[in-house]
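Asks: One file: final21.pdb (PDB, C-alpha atoms).
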ATOM      1  CA  MET A   1       7.979   3.633  13.639
ATOM      2  CA  ASP A   2       9.314   1.361  10.917
ATOM      3  CA  PRO A   3       9.402   2.568   7.267
ATOM      4  CA  LEU A   4       6.257   0.722   6.134
ATOM      5  CA  SER A   5       4.318   2.092   9.121
ATOM      6  CA  ASP A   6       5.687   5.554   8.341
ATOM      7  CA  VAL A   7       4.443   5.450   4.763
ATOM      8  CA  LEU A   8       1.036   4.042   5.693
ATOM      9  CA  SER A   9       0.658   6.696   8.397
ATOM     10  CA  LEU A  10       1.347   9.452   5.881
ATOM     11  CA  LEU A  11      -1.025   7.987   3.296
ATOM     12  CA  LYS A  12      -3.745   7.390   5.923
ATOM     13  CA  PRO A  13      -5.535   4.473   4.209
ATOM     14  CA  HIS A  14      -9.234   4.853   4.898
ATOM     15  CA  ASN A  15     -11.385   1.745   4.666
ATOM     16  CA  HIS A  16     -14.557   2.916   2.966
ATOM     17  CA  MET A  17     -16.108  -0.481   2.301
ATOM     18  CA  SER A  18     -15.801  -3.968   3.759
ATOM     19  CA  ALA A  19     -18.184  -6.732   2.779
ATOM     20  CA  GLY A  20     -18.599 -10.446   2.387
ATOM     21  CA  PHE A  21     -19.506 -12.083  -0.908
ATOM     22  CA  ASP A  22     -21.278 -15.434  -1.004
ATOM     23  CA  ALA A  23     -21.760 -16.852  -4.525
ATOM     24  CA  GLY A  24     -23.375 -20.032  -5.773
ATOM     25  CA  GLY A  25     -23.463 -21.919  -9.074
ATOM     26  CA  GLU A  26     -22.005 -20.301 -12.182
ATOM     27  CA  TRP A  27     -21.319 -16.588 -11.795
ATOM     28  CA  SER A  28     -19.228 -13.631 -12.962
ATOM     29  CA  VAL A  29     -19.127 -10.145 -11.418
ATOM     30  CA  GLN A  30     -17.454  -7.074 -12.942
ATOM     31  CA  PHE A  31     -16.019  -4.408 -10.605
ATOM     32  CA  PRO A  32     -15.421  -0.796 -11.756
ATOM     33  CA  GLU A  33     -12.283   1.328 -11.738
ATOM     34  CA  SER A  34     -11.406   2.954  -8.421
ATOM     35  CA  ARG A  35      -8.453   5.342  -8.594
ATOM     36  CA  ASP A  36      -5.984   5.892  -5.737
ATOM     37  CA  SER A  37      -7.285   2.904  -3.857
ATOM     38  CA  ILE A  38      -6.178  -0.567  -2.882
ATOM     39  CA  LYS A  39      -8.424  -3.611  -2.537
ATOM     40  CA  CYS A  40      -7.588  -6.400  -0.122
ATOM     41  CA  GLY A  41      -9.485  -9.685  -0.200
ATOM     42  CA  ALA A  42      -9.385 -13.282   0.988
ATOM     43  CA  VAL A  43     -11.149 -16.463  -0.111
ATOM     44  CA  VAL A  44     -12.690 -18.076   2.971
ATOM     45  CA  SER A  45     -14.133 -21.071   1.144
ATOM     46  CA  GLY A  46     -14.437 -22.286  -2.424
ATOM     47  CA  GLN A  47     -12.500 -21.126  -5.494
ATOM     48  CA  CYS A  48     -12.814 -18.472  -8.191
ATOM     49  CA  TRP A  49     -10.911 -16.670 -10.934
ATOM     50  CA  LEU A  50      -9.574 -13.114 -10.702
ATOM     51  CA  SER A  51      -8.993 -11.133 -13.901
ATOM     52  CA  VAL A  52      -7.672  -7.541 -13.927
ATOM     53  CA  ASP A  53      -7.851  -5.187 -16.904
ATOM     54  CA  ASP A  54      -4.582  -4.986 -18.891
ATOM     55  CA  VAL A  55      -3.109  -7.988 -17.055
ATOM     56  CA  ALA A  56      -2.651 -10.869 -19.459
ATOM     57  CA  ASP A  57      -3.083 -13.871 -17.188
ATOM     58  CA  PRO A  58      -5.958 -14.387 -14.747
ATOM     59  CA  VAL A  59      -5.246 -15.763 -11.272
ATOM     60  CA  ARG A  60      -6.912 -18.796  -9.732
ATOM     61  CA  LEU A  61      -7.883 -18.080  -6.113
ATOM     62  CA  ASP A  62      -8.308 -21.096  -3.838
ATOM     63  CA  THR A  63      -9.572 -21.414  -0.275
ATOM     64  CA  GLY A  64      -7.157 -19.579   2.007
ATOM     65  CA  ASP A  65      -5.657 -17.393  -0.742
ATOM     66  CA  CYS A  66      -5.479 -13.621  -0.297
ATOM     67  CA  PHE A  67      -4.978 -10.863  -2.838
ATOM     68  CA  LEU A  68      -4.205  -7.160  -3.159
ATOM     69  CA  LEU A  69      -5.252  -5.010  -6.114
ATOM     70  CA  PRO A  70      -3.261  -1.795  -5.736
ATOM     71  CA  HIS A  71      -3.917   0.129  -8.948
ATOM     72  CA  GLY A  72      -7.677   0.587  -8.882
ATOM     73  CA  ARG A  73      -8.117  -1.045 -12.294
ATOM     74  CA  PRO A  74     -11.421  -2.654 -13.276
ATOM     75  CA  PHE A  75     -11.422  -6.339 -12.411
ATOM     76  CA  ARG A  76     -13.610  -9.409 -12.519
ATOM     77  CA  LEU A  77     -14.279 -12.284 -10.126
ATOM     78  CA  ALA A  78     -15.909 -15.364 -11.635
ATOM     79  CA  SER A  79     -16.434 -19.081 -11.342
ATOM     80  CA  ASP A  80     -15.841 -19.202 -15.106
ATOM     81  CA  LEU A  81     -14.296 -16.303 -17.035
ATOM     82  CA  THR A  82     -16.176 -17.217 -20.224
ATOM     83  CA  LEU A  83     -19.482 -16.242 -18.606
ATOM     84  CA  SER A  84     -21.166 -12.881 -19.162
ATOM     85  CA  SER A  85     -20.747 -10.603 -16.148
ATOM     86  CA  VAL A  86     -23.155  -8.633 -14.014
ATOM     87  CA  GLU A  87     -22.106  -5.285 -12.545
ATOM     88  CA  ALA A  88     -20.912  -5.332  -8.942
ATOM     89  CA  VAL A  89     -23.211  -2.456  -7.961
ATOM     90  CA  THR A  90     -26.240  -4.667  -8.539
ATOM     91  CA  VAL A  91     -24.800  -7.481  -6.441
ATOM     92  CA  PHE A  92     -23.465  -5.404  -3.554
ATOM     93  CA  SER A  93     -26.294  -2.888  -3.222
ATOM     94  CA  ALA A  94     -27.579  -4.753  -0.170
ATOM     95  CA  ALA A  95     -24.131  -4.707   1.475
ATOM     96  CA  ARG A  96     -23.194  -1.055   1.059
ATOM     97  CA  ASN A  97     -23.039  -0.553   4.813
ATOM     98  CA  GLY A  98     -21.268  -3.832   5.496
ATOM     99  CA  GLY A  99     -22.735  -7.289   5.629
ATOM    100  CA  ILE A 100     -22.761 -10.049   3.059
ATOM    101  CA  ALA A 101     -23.858  -9.892  -0.579
ATOM    102  CA  VAL A 102     -25.432 -13.194  -1.627
ATOM    103  CA  HIS A 103     -25.333 -13.981  -5.352
ATOM    104  CA  LYS A 104     -27.207 -16.847  -7.005
ATOM    105  CA  GLY A 105     -28.111 -18.404  -3.695
ATOM    106  CA  GLY A 106     -24.566 -18.553  -2.340
ATOM    107  CA  GLY A 107     -22.894 -21.574  -0.857
ATOM    108  CA  ASP A 108     -20.049 -22.294  -3.291
ATOM    109  CA  CYS A 109     -17.555 -19.452  -2.883
ATOM    110  CA  PHE A 110     -17.214 -17.049   0.041
ATOM    111  CA  LEU A 111     -14.883 -14.037   0.121
ATOM    112  CA  VAL A 112     -14.293 -11.106   2.432
ATOM    113  CA  SER A 113     -12.785  -7.919   1.033
ATOM    114  CA  SER A 114     -12.084  -4.297   1.887
ATOM    115  CA  ARG A 115     -11.330  -1.280  -0.264
ATOM    116  CA  PHE A 116      -9.077   1.503   0.976
ATOM    117  CA  ALA A 117      -8.845   5.058  -0.290
ATOM    118  CA  LEU A 118      -5.467   6.702   0.303
ATOM    119  CA  THR A 119      -5.530  10.226   1.689
ATOM    120  CA  GLY A 120      -3.354  12.944   0.262
ATOM    121  CA  ASN A 121      -1.563  13.520  -3.008
ATOM    122  CA  HIS A 122       1.001  10.736  -2.887
ATOM    123  CA  ALA A 123      -0.797   7.409  -3.228
ATOM    124  CA  SER A 124       1.867   6.378  -5.734
ATOM    125  CA  VAL A 125       4.433   6.233  -2.901
ATOM    126  CA  LEU A 126       2.905   2.865  -2.029
ATOM    127  CA  LEU A 127       0.767   1.844  -4.982
ATOM    128  CA  GLY A 128       3.486   2.431  -7.566
ATOM    129  CA  MET A 129       5.696  -0.121  -5.810
ATOM    130  CA  LEU A 130       3.173  -2.950  -6.095
ATOM    131  CA  PRO A 131       2.263  -5.133  -9.083
ATOM    132  CA  PRO A 132      -1.294  -5.078 -10.487
ATOM    133  CA  ILE A 133      -2.081  -8.297  -8.604
ATOM    134  CA  VAL A 134      -0.433  -9.445  -5.385
ATOM    135  CA  HIS A 135      -1.418 -13.111  -4.941
ATOM    136  CA  ILE A 136      -0.691 -14.533  -1.492
ATOM    137  CA  ARG A 137      -1.140 -18.280  -1.638
ATOM    138  CA  LYS A 138      -2.666 -20.362   1.137
ATOM    139  CA  ASP A 139       0.560 -22.318   1.657
ATOM    140  CA  THR A 140       2.276 -19.121   2.837
ATOM    141  CA  ASP A 141       2.593 -18.697   6.607
ATOM    142  CA  GLN A 142      -0.583 -16.670   7.064
ATOM    143  CA  SER A 143      -1.050 -17.109  10.812
ATOM    144  CA  GLY A 144      -1.180 -13.338  11.287
ATOM    145  CA  LEU A 145      -3.610 -12.824   8.419
ATOM    146  CA  ARG A 146      -5.926 -15.761   9.079
ATOM    147  CA  TRP A 147      -7.232 -14.420  12.390
ATOM    148  CA  PRO A 148      -8.552 -11.025  11.145
ATOM    149  CA  VAL A 149     -10.090 -12.714   8.082
ATOM    150  CA  GLU A 150     -11.997 -15.209  10.200
ATOM    151  CA  LEU A 151     -13.101 -12.581  12.700
ATOM    152  CA  MET A 152     -14.219 -10.227   9.932
ATOM    153  CA  MET A 153     -16.289 -13.022   8.407
ATOM    154  CA  ARG A 154     -18.003 -13.576  11.766
ATOM    155  CA  GLU A 155     -18.669  -9.859  12.294
ATOM    156  CA  LEU A 156     -20.123  -9.462   8.799
ATOM    157  CA  ARG A 157     -22.419 -12.424   9.378
ATOM    158  CA  GLU A 158     -23.633 -11.536  12.864
ATOM    159  CA  ARG A 159     -23.822  -7.699  12.683
ATOM    160  CA  ARG A 160     -23.335  -7.234  16.424
ATOM    161  CA  PRO A 161     -23.122  -3.846  18.259
ATOM    162  CA  GLY A 162     -19.813  -2.156  17.538
ATOM    163  CA  GLY A 163     -19.275  -4.399  14.536
ATOM    164  CA  PHE A 164     -18.792  -1.569  12.028
ATOM    165  CA  LEU A 165     -15.842  -0.114  13.945
ATOM    166  CA  LEU A 166     -14.349  -3.535  14.605
ATOM    167  CA  VAL A 167     -14.518  -4.415  10.900
ATOM    168  CA  GLN A 168     -12.697  -1.153  10.097
ATOM    169  CA  HIS A 169      -9.819  -2.157  12.378
ATOM    170  CA  LEU A 170      -9.763  -5.726  11.085
ATOM    171  CA  ALA A 171      -9.569  -4.430   7.518
ATOM    172  CA  HIS A 172      -6.446  -2.431   8.390
ATOM    173  CA  MET A 173      -4.921  -5.526   9.986
ATOM    174  CA  MET A 174      -5.619  -7.508   6.812
ATOM    175  CA  LEU A 175      -3.966  -4.845   4.652
ATOM    176  CA  ILE A 176      -0.834  -4.606   6.805
ATOM    177  CA  ASP A 177      -0.431  -8.371   7.134
ATOM    178  CA  ALA A 178      -0.887  -8.834   3.382
ATOM    179  CA  LEU A 179       1.825  -6.243   2.721
ATOM    180  CA  ARG A 180       4.070  -7.974   5.265
ATOM    181  CA  LEU A 181       3.629 -11.307   3.517
ATOM    182  CA  HIS A 182       4.382  -9.633   0.211
ATOM    183  CA  LEU A 183       7.596  -8.232   1.696
ATOM    184  CA  ALA A 184       8.539 -11.554   3.285
ATOM    185  CA  GLY A 185       8.820 -13.194  -0.130
ATOM    186  CA  GLY A 186      11.917 -11.180  -0.971
ATOM    187  CA  LEU A 187      10.492  -9.121  -3.869
ATOM    188  CA  GLN A 188      13.291 -10.154  -6.180
ATOM    189  CA  GLY A 189      14.108  -8.053  -9.215
ATOM    190  CA  GLY A 190      12.307  -4.812  -8.388
ATOM    191  CA  VAL A 191      13.686  -1.343  -7.752
ATOM    192  CA  GLY A 192      12.275   0.965  -5.082
ATOM    193  CA  TRP A 193      11.985   1.599  -1.349
ATOM    194  CA  LEU A 194       9.513  -1.255  -0.808
ATOM    195  CA  PHE A 195      11.813  -3.779  -2.470
ATOM    196  CA  ALA A 196      14.733  -2.437  -0.424
ATOM    197  CA  LEU A 197      12.932  -3.178   2.852
ATOM    198  CA  ALA A 198      13.168  -6.872   2.012
ATOM    199  CA  ASP A 199      16.978  -6.533   2.069
ATOM    200  CA  ARG A 200      18.376  -6.571   5.616
ATOM    201  CA  GLN A 201      21.195  -4.106   4.956
ATOM    202  CA  MET A 202      19.210  -1.633   2.868
ATOM    203  CA  GLY A 203      16.277  -1.944   5.253
ATOM    204  CA  ALA A 204      18.500  -0.987   8.178
ATOM    205  CA  ALA A 205      19.664   2.178   6.420
ATOM    206  CA  ILE A 206      16.150   3.193   5.376
ATOM    207  CA  ALA A 207      14.843   2.519   8.903
ATOM    208  CA  ALA A 208      17.559   4.769  10.329
ATOM    209  CA  MET A 209      16.588   7.638   8.023
ATOM    210  CA  HIS A 210      12.909   7.229   8.865
ATOM    211  CA  GLU A 211      13.583   7.012  12.597
ATOM    212  CA  LYS A 212      15.662  10.196  12.705
ATOM    213  CA  PRO A 213      15.014  12.287   9.577
ATOM    214  CA  ALA A 214      16.553  15.391  11.214
ATOM    215  CA  HIS A 215      19.836  13.648  11.956
ATOM    216  CA  HIS A 216      22.804  14.858   9.934
ATOM    217  CA  TRP A 217      23.268  11.577   8.138
ATOM    218  CA  THR A 218      26.288  11.067   5.939
ATOM    219  CA  LEU A 219      27.029   8.326   3.456
ATOM    220  CA  GLN A 220      29.548   6.931   5.938
ATOM    221  CA  THR A 221      27.187   6.787   8.936
ATOM    222  CA  LEU A 222      24.448   5.172   6.847
ATOM    223  CA  ALA A 223      26.936   2.621   5.496
ATOM    224  CA  GLU A 224      27.873   1.799   9.092
ATOM    225  CA  ARG A 225      24.201   1.212   9.925
ATOM    226  CA  ALA A 226      24.056  -1.228   7.019
ATOM    227  CA  GLY A 227      27.328  -2.898   8.057
ATOM    228  CA  MET A 228      28.964  -2.161   4.710
ATOM    229  CA  SER A 229      31.793  -0.132   3.268
ATOM    230  CA  ARG A 230      30.839   3.317   2.037
ATOM    231  CA  SER A 231      31.398   2.584  -1.656
ATOM    232  CA  THR A 232      29.647  -0.801  -1.622
ATOM    233  CA  PHE A 233      26.692   0.644   0.292
ATOM    234  CA  ALA A 234      26.294   3.593  -2.073
ATOM    235  CA  LEU A 235      26.299   1.313  -5.122
ATOM    236  CA  LYS A 236      23.889  -1.254  -3.657
ATOM    237  CA  PHE A 237      21.496   1.427  -2.371
ATOM    238  CA  LYS A 238      21.323   3.057  -5.790
ATOM    239  CA  GLN A 239      20.767  -0.301  -7.485
ATOM    240  CA  THR A 240      18.113  -1.430  -4.996
ATOM    241  CA  VAL A 241      16.248   1.791  -4.240
ATOM    242  CA  GLY A 242      16.735   3.644  -7.511
ATOM    243  CA  LYS A 243      18.083   6.782  -5.839
ATOM    244  CA  SER A 244      21.189   7.702  -3.869
ATOM    245  CA  PRO A 245      20.913   7.557  -0.062
ATOM    246  CA  MET A 246      21.069  11.338   0.270
ATOM    247  CA  ASP A 247      18.448  11.857  -2.397
ATOM    248  CA  TYR A 248      16.160   9.347  -0.682
ATOM    249  CA  LEU A 249      16.673  11.113   2.662
ATOM    250  CA  THR A 250      15.801  14.507   1.176
ATOM    251  CA  ARG A 251      12.671  13.173  -0.480
ATOM    252  CA  TRP A 252      11.500  11.422   2.685
ATOM    253  CA  ARG A 253      12.017  14.634   4.658
ATOM    254  CA  MET A 254       9.883  16.508   2.140
ATOM    255  CA  LEU A 255       7.071  13.947   2.403
ATOM    256  CA  VAL A 256       7.072  14.361   6.188
ATOM    257  CA  ALA A 257       7.133  18.130   5.757
ATOM    258  CA  GLY A 258       4.218  18.040   3.325
ATOM    259  CA  ASP A 259       2.138  16.072   5.800
ATOM    260  CA  ARG A 260       2.835  18.576   8.568
ATOM    261  CA  LEU A 261       2.121  21.527   6.297
ATOM    262  CA  GLN A 262      -1.306  20.075   5.570
ATOM    263  CA  ASN A 263      -2.184  18.665   8.973
ATOM    264  CA  SER A 264      -0.607  20.924  11.577
ATOM    265  CA  SER A 265      -0.326  24.619  12.366
ATOM    266  CA  ASP A 266       3.457  24.473  12.669
ATOM    267  CA  PRO A 267       5.262  27.363  10.937
ATOM    268  CA  VAL A 268       7.600  26.590   8.068
ATOM    269  CA  SER A 269      10.605  27.625  10.164
ATOM    270  CA  ALA A 270       9.760  25.049  12.857
ATOM    271  CA  ILE A 271       9.221  22.279  10.305
ATOM    272  CA  ALA A 272      12.531  23.111   8.649
ATOM    273  CA  LEU A 273      14.421  22.946  11.951
ATOM    274  CA  SER A 274      12.738  19.675  12.977
ATOM    275  CA  LEU A 275      13.910  18.038   9.745
ATOM    276  CA  GLY A 276      17.550  19.036  10.046
ATOM    277  CA  TYR A 277      17.630  22.291   8.052
ATOM    278  CA  ASP A 278      19.496  25.217   9.598
ATOM    279  CA  SER A 279      17.561  27.819   7.654
ATOM    280  CA  GLU A 280      14.060  28.195   6.283
ATOM    281  CA  SER A 281      15.436  29.245   2.911
ATOM    282  CA  ALA A 282      17.499  26.060   2.507
ATOM    283  CA  PHE A 283      14.477  23.984   3.437
ATOM    284  CA  SER A 284      12.204  25.893   1.044
ATOM    285  CA  THR A 285      14.648  25.399  -1.820
ATOM    286  CA  ALA A 286      14.774  21.647  -1.218
ATOM    287  CA  PHE A 287      11.009  21.443  -0.798
ATOM    288  CA  LYS A 288      10.307  23.219  -4.073
ATOM    289  CA  ARG A 289      12.809  21.047  -5.934
ATOM    290  CA  VAL A 290      11.178  17.818  -4.699
ATOM    291  CA  MET A 291       7.512  18.758  -4.359
ATOM    292  CA  GLY A 292       7.194  21.200  -7.243
ATOM    293  CA  CYS A 293       6.031  24.252  -5.277
ATOM    294  CA  SER A 294       6.984  26.313  -2.240
ATOM    295  CA  PRO A 295       6.021  25.150   1.278
ATOM    296  CA  ARG A 296       3.504  27.975   1.624
ATOM    297  CA  GLN A 297       1.906  27.174  -1.729
ATOM    298  CA  TYR A 298       1.690  23.535  -0.708
ATOM    299  CA  SER A 299       0.149  24.421   2.643
ATOM    300  CA  ARG A 300      -2.398  26.663   0.939
ATOM    301  CA  ASP A 301      -3.283  24.503  -2.067
ATOM    302  CA  GLY A 302      -2.528  21.030  -0.755
ATOM    303  CA  ASN A 303      -0.973  20.022  -4.089
ATOM    304  CA  ALA A 304       2.461  19.578  -5.525
ATOM    305  CA  ALA A 305       3.195  20.288  -9.158
ATOM    306  CA  SER A 306       2.592  17.315 -11.414
ATOM    307  CA  SER A 307       5.567  15.060 -11.924
ATOM    308  CA  PRO A 308       6.205  11.712 -13.643
ATOM    309  CA  GLU A 309       7.618  10.461 -10.341
ATOM    310  CA  SER A 310       6.260   9.995  -6.870
ATOM    311  CA  PRO A 311       7.731  12.188  -4.088
ATOM    312  CA  LEU A 312      10.178   9.427  -3.185
ATOM    313  CA  GLY A 313      11.419   9.621  -6.731
ATOM    314  CA  PHE A 314      10.240   6.305  -8.099
ATOM    315  CA  PRO A 315       8.225   5.707 -11.260
ATOM    316  CA  LEU A 316       4.523   5.224 -10.699
ATOM    317  CA  MET A 317       4.486   1.712 -12.177
ATOM    318  CA  GLN A 318       7.452  -0.606 -11.738
ATOM    319  CA  PRO A 319       7.016  -4.351 -11.311
ATOM    320  CA  ALA A 320       5.253  -6.841 -13.515
ATOM    321  CA  LEU A 321       2.471  -9.176 -12.436
ATOM    322  CA  SER A 322       3.456 -11.374  -9.539
ATOM    323  CA  GLU A 323       1.568 -14.539  -8.686
ATOM    324  CA  SER A 324       3.923 -15.575  -5.924
ATOM    325  CA  PRO A 325       3.248 -15.147  -2.200
ATOM    326  CA  ALA A 326       5.952 -12.493  -2.256
TER     327      ALA A 326
END
Can you dump the structure from the file as structure tokens?
Replies:
Amino acid sequence: MDPLSDVLSLLKPHNHMSAGFDAGGEWSVQFPESRDSIKCGAVVSGQCWLSVDDVADPVRLDTGDCFLLPHGRPFRLASDLTLSSVEAVTVFSAARNGGIAVHKGGGDCFLVSSRFALTGNHASVLLGMLPPIVHIRKDTDQSGLRWPVELMMRELRERRPGGFLLVQHLAHMMLIDALRLHLAGGLQGGVGWLFALADRQMGAAIAAMHEKPAHHWTLQTLAERAGMSRSTFALKFKQTVGKSPMDYLTRWRMLVAGDRLQNSSDPVSAIALSLGYDSESAFSTAFKRVMGCSPRQYSRDGNAASSPESPLGFPLMQPALSESPA
């Protein structure tokens, strides 16, 4: 798999609500906090404002625009942000199991949206790399995203047999395509693995480590994958990713190990060997240094010790608000 697929597979995003929202007239709806989750939405018709707590500037969403809200902060959708808001639970109570919530008669603004909970202890591996609002404008090449949005709208309207499962799959397609579009914009100025994927040379090195985590990679062989000299590669990787290549490799191996410790019956010795470690003790030492506890403690408790950094070693919050299609 590619690095983004690898990370999403480890985090196992679970779509626990997809719904349509059809609003009419003047309206404002307040949505609550939802930790360790990511919301993905698209405006099918009409326009509205999006305001997120602790983000200074609201975003105008037009027909065809999409958005991601990665940090689970309270937010508001409104035709006019000066209006008093109603709580989302009162509006969406009729659409808890899918379907369309109609507010004030509908007809002026229609959205589809899905909320994903991220499984496991490491939601920050993805969420910490994203700004509070990812705004994907309609003038971006959204050919891949437009189809699942339109099909989801139809399924939510018609409620046909098998529709619930189909909407679940469409929601995942929306999320992945939105992240792809975010990556395609170049993500200039950020530091972290997600930003590095937008760079062809750094992306090639990261993909190699993800493809073969057990391989005995060296700085030289990774530099060759990137088509760079060893010294230039090491400097650019550190500047782009925020960690050295070898540190990144170790941390990725430990994330893979943590997933297997929780979701398989493989012994520690087998996991160590499959990730390139010649001895269980060497693997256990590296695991404890990165994850904050021993492999057996992690397997038993399912938790790493608290740390100011995610397991890939990046701060939990990095970039500022981005309104670009990047």
Asks: What is the distance between atom CA of Ala234 of chain A and atom CA of Ile206 of chain A, in Å to one decimal?
Replies: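 Computing it gives 12.6 Å between the two atoms.
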Asks: For the PyMOL selection byres ((chain A and resi 242-245) around 8), applied here, can you spell out every residue it catches as a short mmCIF file (atom, residue, chain, number, x, y, z; two decimals) with C-alpha atoms, in the frame of the given file?
Replies:
data_model
loop_
_atom_site.label_atom_id
_atom_site.label_comp_id
_atom_site.auth_asym_id
_atom_site.auth_seq_id
_atom_site.Cartn_x
_atom_site.Cartn_y
_atom_site.Cartn_z
CA VAL A 191 13.69 -1.34 -7.75
CA GLY A 192 12.28 0.96 -5.08
CA LEU A 219 27.03 8.33 3.46
CA ALA A 234 26.29 3.59 -2.07
CA PHE A 237 21.50 1.43 -2.37
CA LYS A 238 21.32 3.06 -5.79
CA GLN A 239 20.77 -0.30 -7.48
CA THR A 240 18.11 -1.43 -5.00
CA VAL A 241 16.25 1.79 -4.24
CA MET A 246 21.07 11.34 0.27
CA ASP A 247 18.45 11.86 -2.40
CA TYR A 248 16.16 9.35 -0.68
CA LEU A 249 16.67 11.11 2.66
CA GLY A 313 11.42 9.62 -6.73
CA PHE A 314 10.24 6.30 -8.10
#
Asks: To verify the selection step, state as a PDB file with C-alpha atoms, in the frame of the given file which residues the PyMOL selection byres ((chain A and resi 10-22) around 7) yields on this input.
Replies:
ATOM      1  CA  ASP A   6       5.687   5.554   8.341  1.00  0.00           C
ATOM      2  CA  VAL A   7       4.443   5.450   4.763  1.00  0.00           C
ATOM      3  CA  LEU A   8       1.036   4.042   5.693  1.00  0.00           C
ATOM      4  CA  SER A   9       0.658   6.696   8.397  1.00  0.00           C
ATOM      5  CA  ALA A  23     -21.760 -16.852  -4.525  1.00  0.00           C
ATOM      6  CA  GLY A  24     -23.375 -20.032  -5.773  1.00  0.00           C
ATOM      7  CA  ALA A  95     -24.131  -4.707   1.475  1.00  0.00           C
ATOM      8  CA  GLY A  98     -21.268  -3.832   5.496  1.00  0.00           C
ATOM      9  CA  GLY A  99     -22.735  -7.289   5.629  1.00  0.00           C
ATOM     10  CA  ILE A 100     -22.761 -10.049   3.059  1.00  0.00           C
ATOM     11  CA  ALA A 101     -23.858  -9.892  -0.579  1.00  0.00           C
ATOM     12  CA  VAL A 102     -25.432 -13.194  -1.627  1.00  0.00           C
ATOM     13  CA  HIS A 103     -25.333 -13.981  -5.352  1.00  0.00           C
ATOM     14  CA  GLY A 106     -24.566 -18.553  -2.340  1.00  0.00           C
ATOM     15  CA  GLY A 107     -22.894 -21.574  -0.857  1.00  0.00           C
ATOM     16  CA  CYS A 109     -17.555 -19.452  -2.883  1.00  0.00           C
ATOM     17  CA  PHE A 110     -17.214 -17.049   0.041  1.00  0.00           C
ATOM     18  CA  LEU A 111     -14.883 -14.037   0.121  1.00  0.00           C
ATOM     19  CA  VAL A 112     -14.293 -11.106   2.432  1.00  0.00           C
ATOM     20  CA  SER A 113     -12.785  -7.919   1.033  1.00  0.00           C
ATOM     21  CA  SER A 114     -12.084  -4.297   1.887  1.00  0.00           C
ATOM     22  CA  ARG A 115     -11.330  -1.280  -0.264  1.00  0.00           C
ATOM     23  CA  PHE A 116      -9.077   1.503   0.976  1.00  0.00           C
ATOM     24  CA  ALA A 117      -8.845   5.058  -0.290  1.00  0.00           C
ATOM     25  CA  LEU A 118      -5.467   6.702   0.303  1.00  0.00           C
ATOM     26  CA  THR A 119      -5.530  10.226   1.689  1.00  0.00           C
ATOM     27  CA  GLY A 120      -3.354  12.944   0.262  1.00  0.00           C
ATOM     28  CA  ALA A 123      -0.797   7.409  -3.228  1.00  0.00           C
ATOM     29  CA  MET A 153     -16.289 -13.022   8.407  1.00  0.00           C
ATOM     30  CA  LEU A 156     -20.123  -9.462   8.799  1.00  0.00           C
ATOM     31  CA  GLN A 168     -12.697  -1.153  10.097  1.00  0.00           C
ATOM     32  CA  ASP A 259       2.138  16.072   5.800  1.00  0.00           C
TER      33      ASP A 259
END
Asks: Env of Met209 of chain A: 12 Å cut, atoms = all atoms listed in the file, seq-sep filter 5 positions within chain, self excluded. Answer as a PyMOL selection string.
Replies: chain A and resi 1-3+6+202-204+214-219+221-223+225-226+245-253+256+275-276
Asks: What is the atom CA of Glu87 of chain A-atom CA of Leu170 of chain A distance in Å, reported with one decimal?
Replies: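 Result for atom CA of Glu87 of chain A versus atom CA of Leu170 of chain A: 26.7 Å, one decimal.
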Asks: Given the PyMOL selection byres ((chain A and resi 278-286) around 8) and the file above, list the residues it selects as a list in words.
Replies: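 Applying the expression gives Thr250, Met254, Val268, Ser269, Ala272, Leu273, Gly276, Tyr277, Phe287, Lys288, Arg289, Val290, Ser294 and Pro295 of chain A.
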